Amino acid sequence: MSDQRSTTGAPDILGEIEAEVAETLAEEELPPGGPAYQTIGALLTLAVGIGGLVLALDYGLDSLRRPGPGLWPFVCASVITVLSVVLLVVGRRLEDSVAFSRASVLPAIGVLTFIGLGVLMPLIGFEIPSLVLCVVWLRFLGGETWRSTVLISVGTVAAFYLLFLHGLSIPLPHLLTF
Amino acid sequence: MDDFLNGFAVVAQPDTLLYCLIGVLIGMLIGVLPGLGPAATMAILLPIVIQVGDPISGVVMMAGVFYGAQYGGTITSVLLRLPGEASSVVTVFDGFALAKQGRAGTALGVAAIGSFVGATVSIVALSLSAPLVASWAVDFGPPEYAALALLGVLLVATIGNGNKIKALIAAAIGLLLATVGQDSFSGAERYTFGSLELSQGIDFVVVAMGLFGVSEILHNLEERHGKAHVPAKVANIWPSRKDLTEAAPAIGRGTVIGFFLGVLPGGGAVMSSLAAYATEKRVSKTPEEFGRGSIKGVAAPETANNAAATSSFIPLLTLGIPANASMAMLFAALLVLGITPSPALVEENPDLFWGVVNSMYVGNVILLLLSIPLVGIFVRILRVRPAILAPITALITILGAYTLNNSTFDVFLMIAFGVIGYLMKKGGFEPGPMVLAFVLGAILENNVRRSLIIFDGDPSGFVRDSISGPILAIFLLVALWPLVKTLMGRRAASSTTHDRDRDTAGV
């Protein structure tokens with residue numbers, strides 16, 4: 001009996017610790033999204049799988065002796081499709097998704113500033129768009145004071161100018177030339 | 001032996017030493033600052049590594065970021081109850097308890113010494129074993145590589161955190177993404193949708209920067225807690241002789257556990273820190289002390305995660321198979337610098353191999369110095385608000401992606417992968433297996449197709465081969481293990497009920 005207890009007790013310590021770790025991490029996490037998130041996730045990967053399968057067939061599978069360009073993608077896409085169906089069936093109650101919240105607007109704005117920088121950099125150089133990105137992130141996304149926003153933004157852009165154009169001699173598109 | 005000594009000559013070059021110092025400093029910093037992990041930081045640094053140009057310096061720096069982060073992660077765990085790295089989570093229990101008792105310094109000191117011992121013993125073991133493994137694997141052909149890469153992808157997907165099915169789906173999508181572009185065998189275009197840029201294939205630097213770097217930056221924007229944390233005061237960092245005597249056995253066991261688990265693909269630092277903590281609790285005569293400020297509860301996991309971080313270099317440097325996400329980034333760095341990691345690396349590039357291995361001895365000495373006498377500086381860095389660092393990392397990422405090919409296409413593709421990575425986390429998918437599978441995708445496909453040609457289209461050739469056969473057997477074992485475990489669990493449960501029925505029936 002005591003043997004049995006020690007063998008079942010051994011993995012329990014690791015299990016307990018893992019649960020404790022998960023709890024410690026969960027304190028910082030946002031709430032889970034629920035079954036809708038799981039279903040949408042599985043449907044999206046299923047779509048990737050089916051899309052991949054259809055196109056792979058189009059590229060040609062040929063034979064195992066002479067594998068065609070579509071054979072390997074076909075295998076990968078089949079795995080995605082089958083596992084996505086399994087996930088769709090068994091994964092509805094999983095709690096590993098993270099719900100969108102009002103704070104999700106922040107990353108959306110972040111992405112817009114990224115795209116803005118990508119679009120504007122070749123047109124007007126990296127300095128002004130980078131400065132705008134810093135101001136948006138510090139003042140509006142980060143809640144810094146105007147004073148520290150201005151100081152850090154100007155300092156950061158100047159440091160990047162020196163690092164990329166002079167330190168590493170990388171020809172970034174730029175407005176100012178020294 | 002000559003090559004080994006030459007490695008030290010390489011590290012002693014001022015350039016290499018400087019990059020080693022920069023690497024471990026960045027690693028320590030990102031370890032201290034909650035937010036970006038080592039894999040994300042290494043992804044963001046990839047364009048800079050390309051600019052460095054010299055493979056040895058570049059890889060020495062990247063390696064420094066990885067093992068430096070293991071040291072830094074301890075500081076926030078102990079002082080703030082906020083693990084900087086996942087591998088330091090378990091240190092929180094006893095580390096923070098010690099800090100509350102005013103013994104934060106002791107906890108940090110023991111952790112630093114344990115980390116140094118674990119890492120150094122692990123480097124010695126790596127120096128001795130890596131050339132042997134590489135010489136065994138040097139004759140590997142396509143079937144062996146295909147089996148090994150497949151096992152690597154599977155292990156990373158199944159051993160890591162999170163749901164296994166989701167991890168496997170992410171890995172399979174990574175493999176599919178790797179097929180985008182021109183097929184190297186037939187020249188046919190796959191999944192390019194007529195785009196000239198995509199016909200060159202997707203650059204893995206862009207994928208890694210997006211899925212790790214940008215997605216983590218976006219995730220942090222949402223989860224930011226605004227204020228900087230005010231850490232506990234740290235005094236008397238040098239542990240007493242009594243503390244060290246108490247911690248020594250834990251450091252020894254942590255080193256062994258860390259070294260062996262680190263070699264396993266997907267195992268690495270996180271799992272070994274948990275296993276080392278669990279072992280200490282199990283062998284202790286006073287397990288109730290754990291979680292209430294046991295010095296062993298800090299020493300064991302911190303030693304193990306550093307030993308594991310070091311030994312996880314073995315599969316990459318000897319077989320060319322990255323064992324975890326950070327190693328995948330190192331793999332990517334080597335590839336962009338024109339070196340394909342393989343068993344031939346020790347023979348063909350002894351300077352690089354031994355330079356990188358030996359830089360770890362130096363790097364760990366630097367880290368020990370940074371962690372004990374200079375710990376006050378890093379504690380002060382904790383006062384920097386996360387909001388200030390966010391735009392700086394964002395800019396490094398965007399400008400870095402642009403410099404890859406001086407094209408905004410890479411920037412937009414990276415942003416797209418960043419958004420995908422962010423949404424994956426929302427849906428409970430980990431981006432790690434996807435990036436790793438993407439990196440291994442081309443190797444896996446090429447070797448499977450070459451093997452099929454060698455076997456004349458007969459897939460049973462993989463099983464009959466004396467090396468790929470056993471590897472595939474392990475693959476099957478790993479793949480089916482969860483199923484077997486569930487079945488065994490059910491059987492055990494039903495037999496217990498059966499026994500109980502018999503007992504109650506008085507048989």
# chains A, B, ... in the order shown; residues from 1 in each chain; ligands from 1
>>> interface_residues(of="chain B", to="chain A", cutoff="6 Å", atoms="only C-alpha atoms", output="PyMOL selection string")
chain B and resi 169+172+176+218+221-222+278+387+391+426-428+453+456-457
>>> write_last_selection(atoms="C-alpha atoms", output="CSV table (one decimal), in the first residue's frame")
chain,number,residue,atom,x,y,z
B,169,ILE,CA,-1.8,22.2,-36.0
B,172,ALA,CA,1.8,21.7,-39.5
B,176,LEU,CA,3.0,24.4,-45.0
B,218,LEU,CA,1.1,43.9,-29.4
B,221,LEU,CA,0.4,46.7,-25.2
B,222,GLU,CA,-2.9,45.1,-24.1
B,278,ALA,CA,9.9,18.8,-7.8
B,387,ALA,CA,5.6,52.3,-21.6
B,391,PRO,CA,8.1,52.3,-28.7
B,426,LYS,CA,-6.1,35.0,-28.4
B,427,GLY,CA,-7.2,31.6,-29.7
B,428,GLY,CA,-4.9,29.6,-27.4
B,453,ILE,CA,13.8,8.8,-54.5
B,456,ASP,CA,12.4,4.1,-55.0
B,457,GLY,CA,9.1,5.3,-53.7
>>> residues_around(residues="Ala344 in chain B", least_positions_apart="5", cutoff="9 Å", atoms="only C-alpha atoms", output="VMD selection string")
chain B and resid 134 to 135 137 to 138 318 to 319 349
>>> residues_around(residues="range 111-124 of chain B", least_positions_apart="4", cutoff="6 Å", atoms="only C-alpha atoms", output="PyMOL selection string")
chain B and resi 251+255+259+299+302-303+306-307
>>> atom_distance(atom1="CA of Thr397 in chain B", atom2="CA of Ala333 in chain B")
15.7 Å
>>> atom_distance(atom1="CA of Ser195 in chain B", atom2="CA of Gly181 in chain B")
9.3 Å
>>> atom_distance(atom1="CA of Ala178 in chain B", atom2="CA of Phe438 in chain B")
5.2 Å
>>> closest_residue(among="B:Asp410, B:Leu337, B:Ser466, B:Asn324", to="Gln51 in chain B", atoms="only C-alpha atoms")
B:Leu337
